[in-house]
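Raw contents of target38.cif, mmCIF, C-alpha atoms and all ligand atoms:
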```
data_query
#
loop_
_atom_site.label_atom_id
_atom_site.label_comp_id
_atom_site.auth_asym_id
_atom_site.auth_seq_id
_atom_site.Cartn_x
_atom_site.Cartn_y
_atom_site.Cartn_z
CA MET A 1 0.00 0.00 0.00
CA LYS A 2 2.78 2.36 0.99
CA ARG A 3 4.64 1.63 -2.22
CA ARG A 4 1.51 2.35 -4.26
CA CYS A 5 1.17 5.70 -2.52
CA VAL A 6 4.75 6.59 -3.43
CA ALA A 7 4.15 5.51 -7.05
CA LEU A 8 0.98 7.62 -7.18
CA LEU A 9 2.79 10.60 -5.68
CA LEU A 10 5.54 10.31 -8.31
CA THR A 11 2.93 10.15 -11.08
CA VAL A 12 1.17 13.23 -9.72
CA LEU A 13 4.49 15.08 -9.46
CA ALA A 14 5.31 14.15 -13.07
CA MET A 15 1.89 15.44 -14.17
CA LEU A 16 2.33 18.65 -12.19
CA SER A 17 5.57 19.34 -14.01
CA GLY A 18 3.34 19.89 -17.06
CA GLY A 19 5.21 17.63 -19.43
CA VAL A 20 8.34 19.76 -19.16
CA SER A 21 11.09 17.17 -18.94
CA SER A 22 13.70 17.74 -16.29
CA ALA A 23 17.27 18.36 -17.36
CA GLN A 24 18.73 15.73 -15.03
CA ASP A 25 22.31 16.16 -16.11
CA LEU A 26 22.24 19.81 -15.10
CA GLY A 27 20.82 19.22 -11.61
CA GLN A 28 17.41 19.28 -9.96
CA ASN A 29 16.98 23.05 -10.27
CA PHE A 30 16.93 22.90 -14.08
CA ARG A 31 14.09 22.15 -16.48
CA LYS A 32 14.27 21.65 -20.19
CA ILE A 33 11.58 23.72 -21.90
CA LYS A 34 12.42 22.96 -25.53
CA GLU A 35 15.47 21.73 -27.40
CA GLY A 36 18.35 23.92 -26.23
CA ILE A 37 16.16 25.99 -23.88
CA TYR A 38 16.41 25.51 -20.12
CA VAL A 39 15.11 27.27 -17.01
CA GLN A 40 16.86 27.37 -13.65
CA SER A 41 15.14 28.12 -10.33
CA ALA A 42 15.84 26.60 -6.91
CA ARG A 43 12.45 27.39 -5.31
CA GLU A 44 8.98 28.20 -6.61
CA VAL A 45 9.08 31.85 -5.48
CA ASN A 46 12.64 32.41 -6.75
CA SER A 47 13.52 34.29 -9.90
CA THR A 48 14.00 32.20 -13.04
CA VAL A 49 17.02 32.09 -15.33
CA GLY A 50 16.54 31.25 -19.00
CA ILE A 51 19.42 29.49 -20.77
CA VAL A 52 19.13 29.47 -24.56
CA VAL A 53 21.80 27.62 -26.50
CA THR A 54 22.46 28.63 -30.10
CA SER A 55 25.02 27.63 -32.74
CA GLU A 56 26.88 30.88 -31.98
CA GLY A 57 26.81 30.86 -28.20
CA VAL A 58 24.44 31.21 -25.28
CA VAL A 59 21.87 33.85 -24.40
CA LEU A 60 20.85 34.12 -20.74
CA ILE A 61 17.65 35.72 -19.55
CA ASP A 62 18.48 37.05 -16.04
CA THR A 63 21.23 35.69 -13.81
CA GLY A 64 19.72 34.11 -10.68
CA GLN A 65 17.93 34.70 -7.39
CA THR A 66 21.26 34.51 -5.54
CA LEU A 67 24.87 34.23 -6.63
CA VAL A 68 24.80 30.54 -5.69
CA ASP A 69 22.17 30.17 -8.45
CA THR A 70 24.37 32.23 -10.78
CA ARG A 71 27.32 29.88 -10.27
CA GLN A 72 25.00 26.91 -10.86
CA VAL A 73 23.91 28.45 -14.16
CA ALA A 74 27.54 29.10 -15.17
CA ASP A 75 28.37 25.42 -14.51
CA ALA A 76 25.30 24.28 -16.48
CA VAL A 77 26.30 26.42 -19.48
CA LYS A 78 29.73 24.75 -19.49
CA LYS A 79 28.06 21.33 -19.55
CA LEU A 80 25.75 22.33 -22.41
CA THR A 81 28.22 23.92 -24.80
CA PRO A 82 31.86 24.96 -25.19
CA LEU A 83 30.59 28.28 -26.62
CA PRO A 84 30.54 31.48 -24.53
CA VAL A 85 27.57 33.40 -23.13
CA ARG A 86 27.15 36.12 -25.75
CA PHE A 87 24.26 38.11 -24.28
CA VAL A 88 22.58 38.52 -20.90
CA ILE A 89 19.10 40.01 -21.16
CA ASN A 90 17.81 41.48 -17.91
CA THR A 91 14.00 41.41 -17.58
CA GLU A 92 14.06 44.00 -14.77
CA VAL A 93 16.52 45.99 -12.66
CA HIS A 94 16.24 44.28 -9.26
CA PRO A 95 19.20 42.40 -7.67
CA ASP A 96 17.45 38.99 -7.72
CA HIS A 97 17.65 39.14 -11.53
CA THR A 98 20.79 41.18 -12.20
CA THR A 99 23.45 40.74 -9.46
CA GLY A 100 24.98 37.80 -11.33
CA ASN A 101 25.62 39.84 -14.51
CA PHE A 102 29.32 40.16 -13.57
CA VAL A 103 29.85 36.38 -13.72
CA PHE A 104 29.17 36.38 -17.49
CA SER A 105 30.35 39.82 -18.51
CA PRO A 106 32.81 40.12 -20.10
CA PRO A 107 32.45 38.65 -22.65
CA ALA A 108 28.63 38.82 -22.47
CA VAL A 109 26.87 42.02 -23.52
CA VAL A 110 24.10 42.95 -21.07
CA ILE A 111 20.84 44.40 -22.44
CA ASN A 112 17.70 45.92 -20.94
CA HIS A 113 15.33 48.77 -21.71
CA ALA A 114 16.42 52.40 -21.30
CA GLY A 115 16.48 53.49 -17.67
CA ALA A 116 17.82 50.20 -16.32
CA GLY A 117 21.39 51.38 -15.75
CA ASP A 118 20.37 54.56 -13.91
CA ALA A 119 18.01 52.63 -11.64
CA MET A 120 20.62 49.96 -10.87
CA ARG A 121 23.34 52.51 -10.09
CA LYS A 122 20.98 54.43 -7.82
CA ALA A 123 19.97 51.32 -5.87
CA ASP A 124 23.46 49.82 -5.71
CA ASN A 125 24.72 48.88 -2.28
CA PRO A 126 28.44 48.04 -2.32
CA ASN A 127 28.07 46.45 1.13
CA ARG A 128 25.29 44.14 0.07
CA PHE A 129 27.28 41.03 0.94
CA ALA A 130 28.51 42.26 4.36
CA THR A 131 26.00 40.15 6.30
CA ALA A 132 25.49 37.46 3.64
CA ALA A 133 25.78 33.73 4.33
CA PRO A 134 29.28 32.26 3.78
CA GLU A 135 28.23 30.46 0.56
CA ILE A 136 26.90 33.75 -0.89
CA LYS A 137 30.10 35.56 0.09
CA ALA A 138 32.13 32.85 -1.65
CA ALA A 139 29.95 33.09 -4.76
CA ALA A 140 30.32 36.90 -4.70
CA GLU A 141 34.06 36.76 -5.31
CA GLY A 142 34.94 39.29 -7.98
CA TYR A 143 31.58 41.05 -7.70
CA ARG A 144 31.06 44.37 -9.39
CA LEU A 145 27.91 46.11 -10.54
CA VAL A 146 27.39 45.40 -14.23
CA THR A 147 24.67 47.53 -15.76
CA PRO A 148 23.37 47.10 -19.34
CA HIS A 149 25.83 47.91 -22.13
CA VAL A 150 22.91 48.28 -24.49
CA GLU A 151 19.71 50.08 -23.56
CA TYR A 152 17.04 49.89 -26.24
CA GLN A 153 13.85 51.92 -26.70
CA GLU A 154 10.48 50.12 -26.78
CA LYS A 155 11.53 47.17 -28.94
CA THR A 156 14.60 45.54 -30.41
CA THR A 157 15.67 42.26 -32.01
CA VAL A 158 18.76 40.21 -31.18
CA ARG A 159 19.81 37.44 -33.57
CA VAL A 160 22.28 34.83 -32.40
CA GLY A 161 22.94 31.80 -34.58
CA GLU A 162 19.64 30.29 -35.67
CA ARG A 163 17.62 32.02 -32.92
CA VAL A 164 15.67 35.26 -32.89
CA PHE A 165 15.00 37.14 -29.64
CA GLU A 166 12.47 39.95 -29.69
CA LEU A 167 12.91 42.25 -26.72
CA LEU A 168 9.72 44.08 -25.79
CA ARG A 169 9.40 46.81 -23.23
CA VAL A 170 6.76 46.06 -20.61
CA ARG A 171 5.75 49.52 -19.52
CA ASN A 172 5.57 50.41 -15.79
CA ALA A 173 4.71 46.84 -14.86
CA HIS A 174 7.25 46.04 -12.15
CA SER A 175 10.57 47.94 -12.10
CA GLU A 176 12.09 51.03 -13.73
CA ALA A 177 12.92 48.97 -16.85
CA ASP A 178 11.11 45.73 -17.68
CA THR A 179 11.74 43.53 -20.71
CA ALA A 180 9.85 40.52 -22.04
CA VAL A 181 11.86 38.21 -24.31
CA TRP A 182 9.88 36.56 -27.10
CA LEU A 183 11.27 33.73 -29.20
CA PRO A 184 8.78 33.70 -32.09
CA GLN A 185 10.19 30.57 -33.78
CA GLU A 186 10.03 28.49 -30.60
CA ARG A 187 6.93 30.27 -29.26
CA VAL A 188 8.58 30.65 -25.87
CA LEU A 189 8.02 33.84 -23.90
CA PHE A 190 10.20 34.94 -20.99
CA ALA A 191 7.66 37.31 -19.51
CA GLY A 192 9.54 38.90 -16.61
CA SER A 193 7.80 39.89 -13.39
CA ALA A 194 4.69 41.68 -14.74
CA ALA A 195 2.60 38.58 -13.96
CA ILE A 196 3.86 35.92 -11.58
CA PRO A 197 1.80 32.79 -10.90
CA ASN A 198 0.17 32.16 -7.50
CA SER A 199 1.80 35.15 -5.90
CA LEU A 200 1.02 38.75 -5.06
CA ASN A 201 3.39 41.18 -6.70
CA ASN A 202 5.09 44.14 -5.09
CA VAL A 203 3.20 46.96 -6.86
CA ARG A 204 5.44 50.00 -6.67
CA PRO A 205 4.12 53.59 -6.73
CA PHE A 206 4.89 54.11 -10.44
CA VAL A 207 3.02 50.94 -11.42
CA THR A 208 -0.66 51.29 -12.27
CA ILE A 209 -3.33 48.62 -12.55
CA ALA A 210 -4.04 49.89 -16.07
CA ASP A 211 -0.39 49.17 -16.96
CA LEU A 212 -0.56 45.72 -15.38
CA LEU A 213 -3.72 44.86 -17.33
CA ALA A 214 -2.17 46.23 -20.53
CA ALA A 215 0.95 44.10 -19.92
CA ALA A 216 -1.12 40.92 -19.50
CA LYS A 217 -3.02 41.71 -22.70
CA MET A 218 0.09 42.51 -24.74
CA LEU A 219 2.00 39.41 -23.58
CA ARG A 220 -0.96 37.09 -24.14
CA SER A 221 -1.49 38.48 -27.64
CA LEU A 222 1.90 37.05 -28.66
CA ASN A 223 0.19 33.66 -28.34
CA PRO A 224 3.10 31.84 -26.69
CA GLU A 225 3.13 28.09 -26.18
CA VAL A 226 5.31 28.31 -23.06
CA VAL A 227 5.38 31.26 -20.66
CA VAL A 228 8.36 31.50 -18.33
CA PRO A 229 7.48 34.01 -15.61
CA GLY A 230 10.11 36.13 -13.83
CA HIS A 231 9.39 34.07 -10.73
CA GLY A 232 7.67 30.68 -10.49
CA SER A 233 7.10 27.65 -12.66
CA PRO A 234 6.88 27.85 -16.44
CA GLY A 235 3.29 27.61 -17.65
CA THR A 236 0.96 28.98 -20.28
CA THR A 237 -0.97 32.19 -20.96
CA ARG A 238 -3.20 31.16 -18.05
CA ILE A 239 -0.67 33.10 -15.94
CA PHE A 240 -1.90 36.29 -17.67
CA ASP A 241 -5.56 35.29 -17.36
CA GLU A 242 -5.12 34.79 -13.61
CA SER A 243 -3.30 38.09 -13.20
CA GLU A 244 -6.01 39.92 -15.15
CA LYS A 245 -8.76 38.30 -13.08
CA TYR A 246 -7.03 39.21 -9.83
CA TYR A 247 -6.39 42.90 -10.62
CA THR A 248 -9.87 43.34 -12.11
CA LEU A 249 -11.50 41.94 -8.96
CA LEU A 250 -9.22 43.96 -6.67
CA LEU A 251 -10.04 47.17 -8.54
CA GLU A 252 -13.77 46.35 -8.53
CA ARG A 253 -13.84 45.84 -4.76
CA VAL A 254 -11.71 48.87 -3.91
CA THR A 255 -13.74 51.08 -6.28
CA ALA A 256 -16.98 49.98 -4.58
CA MET A 257 -15.50 50.84 -1.17
CA VAL A 258 -14.28 54.25 -2.38
CA LYS A 259 -17.78 54.93 -3.74
CA ALA A 260 -19.18 53.97 -0.32
CA GLY A 261 -17.03 56.75 1.14
CA LYS A 262 -14.37 54.60 2.78
CA SER A 263 -10.85 55.92 3.40
CA ARG A 264 -7.64 54.19 2.34
CA GLU A 265 -7.13 53.10 5.96
CA GLN A 266 -10.64 51.64 6.23
CA ILE A 267 -10.21 49.79 2.95
CA GLY A 268 -6.93 48.34 4.21
CA MET A 269 -8.70 46.97 7.27
CA GLU A 270 -11.89 45.76 5.59
CA LEU A 271 -10.89 44.49 2.14
CA ARG A 272 -10.92 40.71 1.78
CA MET A 273 -9.61 38.73 -1.19
CA PRO A 274 -10.31 35.17 0.01
CA GLU A 275 -10.01 33.79 -3.53
CA TYR A 276 -6.30 34.59 -3.37
CA ALA A 277 -5.55 33.71 0.26
CA GLU A 278 -3.27 30.88 -0.90
CA TRP A 279 -1.07 33.13 -3.01
CA ALA A 280 2.45 33.81 -1.74
CA TYR A 281 3.56 37.19 -0.36
CA GLN A 282 0.34 38.33 1.36
CA ASP A 283 2.48 41.05 2.97
CA ARG A 284 2.50 42.77 -0.42
CA MET A 285 -1.28 43.39 -0.23
CA PRO A 286 -0.95 47.01 1.02
CA SER A 287 0.97 47.97 -2.14
CA ASN A 288 -1.77 46.28 -4.22
CA ILE A 289 -4.50 48.21 -2.37
CA ASP A 290 -2.53 51.44 -2.86
CA ALA A 291 -2.52 50.86 -6.62
CA ALA A 292 -6.24 50.08 -6.70
CA TYR A 293 -6.95 53.12 -4.52
CA ARG A 294 -4.95 55.38 -6.85
CA ALA A 295 -6.92 53.99 -9.80
CA ALA A 296 -10.30 54.32 -8.06
CA THR A 297 -9.69 57.90 -6.88
CA GLY A 298 -7.87 59.09 -10.01
CA ARG A 299 -4.77 60.09 -8.05
ZN ZN B 1 11.72 42.50 -9.06
#
```
Show me the file's structure as structure tokens.
Ligand SMILES: [Zn+2]
Amino acid sequence: MKRRCVALLLTVLAMLSGGVSSAQDLGQNFRKIKEGIYVQSAREVNSTVGIVVTSEGVVLIDTGQTLVDTRQVADAVKKLTPLPVRFVINTEVHPDHTTGNFVFSPPAVVINHAGAGDAMRKADNPNRFATAAPEIKAAAEGYRLVTPHVEYQEKTTVRVGERVFELLRVRNAHSEADTAVWLPQERVLFAGSAAIPNSLNNVRPFVTIADLLAAAKMLRSLNPEVVVPGHGSPGTTRIFDESEKYYTLLLERVTAMVKAGKSREQIGMELRMPEYAEWAYQDRMPSNIDAAYRAATGR
């Protein structure tokens, strides 16, 4: 009986992985998405790294939640190909996507939308590893801030070997510069952090719900087969449907409360979103309410 339970559990786990075969040789934190396309992430809430192998070298999409992840990715690249990492595309400016840039550059050229470098330089903390765990300190050897060498406007295309990467600006959706990476031939979309599955997002003051809804619509309209979110498991366009549903409901409820004359403080105390109680990062709810309140009051 016990053995049958284990067998059933393994079957369920295989089904949950959505048919995405694991890249065993690279380690348990890697998944193969398509031929030559892998995703690294050590935990569900962690940032994802895309590894795309081409006949002329590797393109990385982001560089790891922590520098331990970055080193893991560097080792995986060496196992996959003798060719160098040619480009690192950052999908946002935050450290959990960009700190590892220095491990690959040089020779890699780093790219993100205009504004990324300024935001990264402004937020840089040279002492960021002072209180870090020993394994992070070890992985941080040689660290320096590497900001994008190329900052594009709105849209650009990078061609490496047989692959085409369309870089699309995702406007005001998460950080000061957000990029989605679309591989039209493979129909794989690295969507960045505009919509992350089963998790509340940190909605910063410059992000609006209108921008978030527009981002979901724009990314879904590409009609990708696989969506790799900035954090969380690879999935489908359902990630955008869920995000849209959530923000629409949040805005609806907050608007009704504003119309009933409630203050921001009252809304914070009274608003309930039980449909999303299982989502990660409930502590980010105040920033979500702020965004809905700004939208509902026109501020
Ligand atoms: Zn972020």
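With all atoms listed in the file as the basis for measurement, A:Ala173 is the residue among A:Val39, A:Ala114, A:Ala173, A:Ile61 that approaches ligand ZN 1 (chain B) most closely.
With a cut-off of 9 Å and using all atoms listed in the file, the polymer residues contacting ligand ZN 1 (chain B) are Ser47, Thr91, Glu92, Val93, His94, Pro95, Asp96, His97, His174, Ser175, Gly192, Ser193, Asn201, Asn202, Gly230 and His231 of chain A.
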Residues from last step as file, C-alpha atoms, as a PDB file, keeping the file's coordinate frame:
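This is the output file again19.pdb:
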```
ATOM      1  CA  SER A  47      13.520  34.290  -9.900  1.00  0.00           C
ATOM      2  CA  THR A  91      14.000  41.410 -17.580  1.00  0.00           C
ATOM      3  CA  GLU A  92      14.060  44.000 -14.770  1.00  0.00           C
ATOM      4  CA  VAL A  93      16.520  45.990 -12.660  1.00  0.00           C
ATOM      5  CA  HIS A  94      16.240  44.280  -9.260  1.00  0.00           C
ATOM      6  CA  PRO A  95      19.200  42.400  -7.670  1.00  0.00           C
ATOM      7  CA  ASP A  96      17.450  38.990  -7.720  1.00  0.00           C
ATOM      8  CA  HIS A  97      17.650  39.140 -11.530  1.00  0.00           C
ATOM      9  CA  HIS A 174       7.250  46.040 -12.150  1.00  0.00           C
ATOM     10  CA  SER A 175      10.570  47.940 -12.100  1.00  0.00           C
ATOM     11  CA  GLY A 192       9.540  38.900 -16.610  1.00  0.00           C
ATOM     12  CA  SER A 193       7.800  39.890 -13.390  1.00  0.00           C
ATOM     13  CA  ASN A 201       3.390  41.180  -6.700  1.00  0.00           C
ATOM     14  CA  ASN A 202       5.090  44.140  -5.090  1.00  0.00           C
ATOM     15  CA  GLY A 230      10.110  36.130 -13.830  1.00  0.00           C
ATOM     16  CA  HIS A 231       9.390  34.070 -10.730  1.00  0.00           C
TER      17      HIS A 231
END
```
Contacts of stretch 150-166 of chain A at 10 Å or less, counting only C-alpha atoms, minus same-chain residues fewer than 2 places along, as a tab-separated table (two decimals) with C-alpha atoms, keeping the file's coordinate frame?
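That gives us around24.tsv:
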```
chain	number	residue	atom	x	y	z
A	52	VAL	CA	19.13	29.47	-24.56
A	53	VAL	CA	21.80	27.62	-26.50
A	54	THR	CA	22.46	28.63	-30.10
A	55	SER	CA	25.02	27.63	-32.74
A	56	GLU	CA	26.88	30.88	-31.98
A	57	GLY	CA	26.81	30.86	-28.20
A	58	VAL	CA	24.44	31.21	-25.28
A	59	VAL	CA	21.87	33.85	-24.40
A	86	ARG	CA	27.15	36.12	-25.75
A	87	PHE	CA	24.26	38.11	-24.28
A	89	ILE	CA	19.10	40.01	-21.16
A	109	VAL	CA	26.87	42.02	-23.52
A	110	VAL	CA	24.10	42.95	-21.07
A	111	ILE	CA	20.84	44.40	-22.44
A	112	ASN	CA	17.70	45.92	-20.94
A	113	HIS	CA	15.33	48.77	-21.71
A	114	ALA	CA	16.42	52.40	-21.30
A	115	GLY	CA	16.48	53.49	-17.67
A	116	ALA	CA	17.82	50.20	-16.32
A	117	GLY	CA	21.39	51.38	-15.75
A	147	THR	CA	24.67	47.53	-15.76
A	148	PRO	CA	23.37	47.10	-19.34
A	168	LEU	CA	9.72	44.08	-25.79
A	169	ARG	CA	9.40	46.81	-23.23
A	170	VAL	CA	6.76	46.06	-20.61
A	171	ARG	CA	5.75	49.52	-19.52
A	177	ALA	CA	12.92	48.97	-16.85
A	179	THR	CA	11.74	43.53	-20.71
A	180	ALA	CA	9.85	40.52	-22.04
A	181	VAL	CA	11.86	38.21	-24.31
A	182	TRP	CA	9.88	36.56	-27.10
A	183	LEU	CA	11.27	33.73	-29.20
A	184	PRO	CA	8.78	33.70	-32.09
A	185	GLN	CA	10.19	30.57	-33.78
A	186	GLU	CA	10.03	28.49	-30.60
A	188	VAL	CA	8.58	30.65	-25.87
A	189	LEU	CA	8.02	33.84	-23.90
```
Could you pull out every residue with an atom within 10 Å of (21.5, 36.2, -9.3), file coordinates, counting all atoms listed in the file, and send them as a compact mmCIF listing (two decimals) with C-alpha atoms, in the coordinates of the input?
```
# COMPACT_ATOMS: atom_id res chain seq x y z
CA ASN A 46 12.64 32.41 -6.75
CA SER A 47 13.52 34.29 -9.90
CA THR A 48 14.00 32.20 -13.04
CA VAL A 49 17.02 32.09 -15.33
CA ASP A 62 18.48 37.05 -16.04
CA THR A 63 21.23 35.69 -13.81
CA GLY A 64 19.72 34.11 -10.68
CA GLN A 65 17.93 34.70 -7.39
CA THR A 66 21.26 34.51 -5.54
CA LEU A 67 24.87 34.23 -6.63
CA VAL A 68 24.80 30.54 -5.69
CA ASP A 69 22.17 30.17 -8.45
CA THR A 70 24.37 32.23 -10.78
CA ARG A 71 27.32 29.88 -10.27
CA VAL A 73 23.91 28.45 -14.16
CA HIS A 94 16.24 44.28 -9.26
CA PRO A 95 19.20 42.40 -7.67
CA ASP A 96 17.45 38.99 -7.72
CA HIS A 97 17.65 39.14 -11.53
CA THR A 98 20.79 41.18 -12.20
CA THR A 99 23.45 40.74 -9.46
CA GLY A 100 24.98 37.80 -11.33
CA ASN A 101 25.62 39.84 -14.51
CA PHE A 102 29.32 40.16 -13.57
CA VAL A 103 29.85 36.38 -13.72
CA ALA A 140 30.32 36.90 -4.70
```
Draw an axis-aligned box tight on the listed atoms of stretch 112-130 of chain A, then pad every side by 6 Å and write out centre and edge lengths in Å to one decimal as AutoDock Vina command-line options.
```
--center_x 21.9 --center_y 47.8 --center_z -8.7 --size_x 25.2 --size_y 25.5 --size_z 38.1
```
**Prompt:** Pick the closest to A:Val146 from A:Ala195, A:Leu26, A:Met120, A:Ala133: which is it, counting all atoms listed in the file?
**Reply:** A:Met120
**Message:** Within 8 Å of (1.7, 29.9, -27.6) (file coordinates; all atoms listed in the file), which protein or nucleic acid residues are there? I'd like them as a VMD selection string.
**Reply:** chain A and resid 187 to 188 222 to 227 236 to 237
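Coordinates place atom CA of A:Ile37 at a distance of 13.5 Å from atom CA of A:Lys79.
We find atom CA of A:Ala76 and atom CA of A:Lys137 to be spaced 20.6 Å apart.
Between atom CA of A:Asp241 and atom CA of A:Pro286 the interatomic distance comes to 22.3 Å.
Of the listed residues A:Ala292, A:Leu213, A:Met269, A:Val207, the one whose atoms come nearest to A:Glu242 is A:Leu213, with distances taken using only C-alpha atoms.
Minimum distance to A:Leu249 across A:Ala215, A:Ile209, A:Ile51, A:Val228 (counting all atoms listed in the file) occurs at A:Ile209.
Among the candidates A:Gly261, A:Pro106, A:Pro229, A:Gly36, the residue lying nearest to A:Ala296 is A:Gly261 (atoms considered: all atoms listed in the file).
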**Residue nearest A:Ala295 among A:Phe240, A:Phe104, A:Tyr143, A:Phe206 (counting only C-alpha atoms)** = A:Phe206
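Within 9 Å of A:Pro126, once all atoms listed in the file are used and residues closer than 2 positions along the same chain are dropped, the contacting residues are Asp124, Arg128, Phe129, Ala130, Arg144 and Leu145 of chain A.
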File for stretch 30-101 of chain A (C-alpha atoms), as a PDB file, in the first residue's frame:
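The result, stored in selection.pdb:
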```
ATOM      1  CA  PHE A  30      16.932  22.896 -14.076  1.00  0.00           C
ATOM      2  CA  ARG A  31      14.095  22.151 -16.484  1.00  0.00           C
ATOM      3  CA  LYS A  32      14.272  21.645 -20.189  1.00  0.00           C
ATOM      4  CA  ILE A  33      11.582  23.722 -21.902  1.00  0.00           C
ATOM      5  CA  LYS A  34      12.419  22.960 -25.529  1.00  0.00           C
ATOM      6  CA  GLU A  35      15.468  21.732 -27.404  1.00  0.00           C
ATOM      7  CA  GLY A  36      18.347  23.919 -26.226  1.00  0.00           C
ATOM      8  CA  ILE A  37      16.162  25.985 -23.881  1.00  0.00           C
ATOM      9  CA  TYR A  38      16.414  25.514 -20.116  1.00  0.00           C
ATOM     10  CA  VAL A  39      15.115  27.267 -17.011  1.00  0.00           C
ATOM     11  CA  GLN A  40      16.860  27.372 -13.645  1.00  0.00           C
ATOM     12  CA  SER A  41      15.139  28.116 -10.327  1.00  0.00           C
ATOM     13  CA  ALA A  42      15.837  26.598  -6.908  1.00  0.00           C
ATOM     14  CA  ARG A  43      12.455  27.391  -5.310  1.00  0.00           C
ATOM     15  CA  GLU A  44       8.980  28.203  -6.615  1.00  0.00           C
ATOM     16  CA  VAL A  45       9.085  31.855  -5.480  1.00  0.00           C
ATOM     17  CA  ASN A  46      12.636  32.411  -6.746  1.00  0.00           C
ATOM     18  CA  SER A  47      13.521  34.290  -9.901  1.00  0.00           C
ATOM     19  CA  THR A  48      14.001  32.199 -13.036  1.00  0.00           C
ATOM     20  CA  VAL A  49      17.023  32.095 -15.327  1.00  0.00           C
ATOM     21  CA  GLY A  50      16.543  31.248 -18.996  1.00  0.00           C
ATOM     22  CA  ILE A  51      19.417  29.494 -20.773  1.00  0.00           C
ATOM     23  CA  VAL A  52      19.126  29.474 -24.556  1.00  0.00           C
ATOM     24  CA  VAL A  53      21.803  27.620 -26.498  1.00  0.00           C
ATOM     25  CA  THR A  54      22.463  28.630 -30.100  1.00  0.00           C
ATOM     26  CA  SER A  55      25.016  27.634 -32.739  1.00  0.00           C
ATOM     27  CA  GLU A  56      26.885  30.881 -31.983  1.00  0.00           C
ATOM     28  CA  GLY A  57      26.813  30.863 -28.203  1.00  0.00           C
ATOM     29  CA  VAL A  58      24.437  31.213 -25.279  1.00  0.00           C
ATOM     30  CA  VAL A  59      21.869  33.848 -24.398  1.00  0.00           C
ATOM     31  CA  LEU A  60      20.851  34.117 -20.743  1.00  0.00           C
ATOM     32  CA  ILE A  61      17.649  35.716 -19.547  1.00  0.00           C
ATOM     33  CA  ASP A  62      18.478  37.049 -16.043  1.00  0.00           C
ATOM     34  CA  THR A  63      21.227  35.690 -13.811  1.00  0.00           C
ATOM     35  CA  GLY A  64      19.723  34.111 -10.679  1.00  0.00           C
ATOM     36  CA  GLN A  65      17.928  34.700  -7.393  1.00  0.00           C
ATOM     37  CA  THR A  66      21.260  34.510  -5.537  1.00  0.00           C
ATOM     38  CA  LEU A  67      24.867  34.234  -6.626  1.00  0.00           C
ATOM     39  CA  VAL A  68      24.800  30.544  -5.690  1.00  0.00           C
ATOM     40  CA  ASP A  69      22.171  30.170  -8.445  1.00  0.00           C
ATOM     41  CA  THR A  70      24.366  32.226 -10.785  1.00  0.00           C
ATOM     42  CA  ARG A  71      27.319  29.875 -10.265  1.00  0.00           C
ATOM     43  CA  GLN A  72      25.004  26.911 -10.861  1.00  0.00           C
ATOM     44  CA  VAL A  73      23.909  28.452 -14.165  1.00  0.00           C
ATOM     45  CA  ALA A  74      27.544  29.103 -15.172  1.00  0.00           C
ATOM     46  CA  ASP A  75      28.367  25.421 -14.513  1.00  0.00           C
ATOM     47  CA  ALA A  76      25.299  24.284 -16.481  1.00  0.00           C
ATOM     48  CA  VAL A  77      26.298  26.419 -19.475  1.00  0.00           C
ATOM     49  CA  LYS A  78      29.728  24.751 -19.494  1.00  0.00           C
ATOM     50  CA  LYS A  79      28.058  21.325 -19.552  1.00  0.00           C
ATOM     51  CA  LEU A  80      25.749  22.332 -22.405  1.00  0.00           C
ATOM     52  CA  THR A  81      28.216  23.921 -24.802  1.00  0.00           C
ATOM     53  CA  PRO A  82      31.857  24.962 -25.189  1.00  0.00           C
ATOM     54  CA  LEU A  83      30.587  28.275 -26.623  1.00  0.00           C
ATOM     55  CA  PRO A  84      30.543  31.479 -24.527  1.00  0.00           C
ATOM     56  CA  VAL A  85      27.572  33.401 -23.128  1.00  0.00           C
ATOM     57  CA  ARG A  86      27.148  36.125 -25.749  1.00  0.00           C
ATOM     58  CA  PHE A  87      24.258  38.106 -24.280  1.00  0.00           C
ATOM     59  CA  VAL A  88      22.577  38.523 -20.903  1.00  0.00           C
ATOM     60  CA  ILE A  89      19.102  40.010 -21.162  1.00  0.00           C
ATOM     61  CA  ASN A  90      17.806  41.482 -17.906  1.00  0.00           C
ATOM     62  CA  THR A  91      14.005  41.406 -17.576  1.00  0.00           C
ATOM     63  CA  GLU A  92      14.059  44.005 -14.766  1.00  0.00           C
ATOM     64  CA  VAL A  93      16.517  45.994 -12.655  1.00  0.00           C
ATOM     65  CA  HIS A  94      16.240  44.279  -9.257  1.00  0.00           C
ATOM     66  CA  PRO A  95      19.195  42.405  -7.670  1.00  0.00           C
ATOM     67  CA  ASP A  96      17.447  38.993  -7.715  1.00  0.00           C
ATOM     68  CA  HIS A  97      17.651  39.142 -11.532  1.00  0.00           C
ATOM     69  CA  THR A  98      20.794  41.179 -12.195  1.00  0.00           C
ATOM     70  CA  THR A  99      23.452  40.737  -9.458  1.00  0.00           C
ATOM     71  CA  GLY A 100      24.982  37.797 -11.328  1.00  0.00           C
ATOM     72  CA  ASN A 101      25.621  39.843 -14.509  1.00  0.00           C
TER      73      ASN A 101
END
```
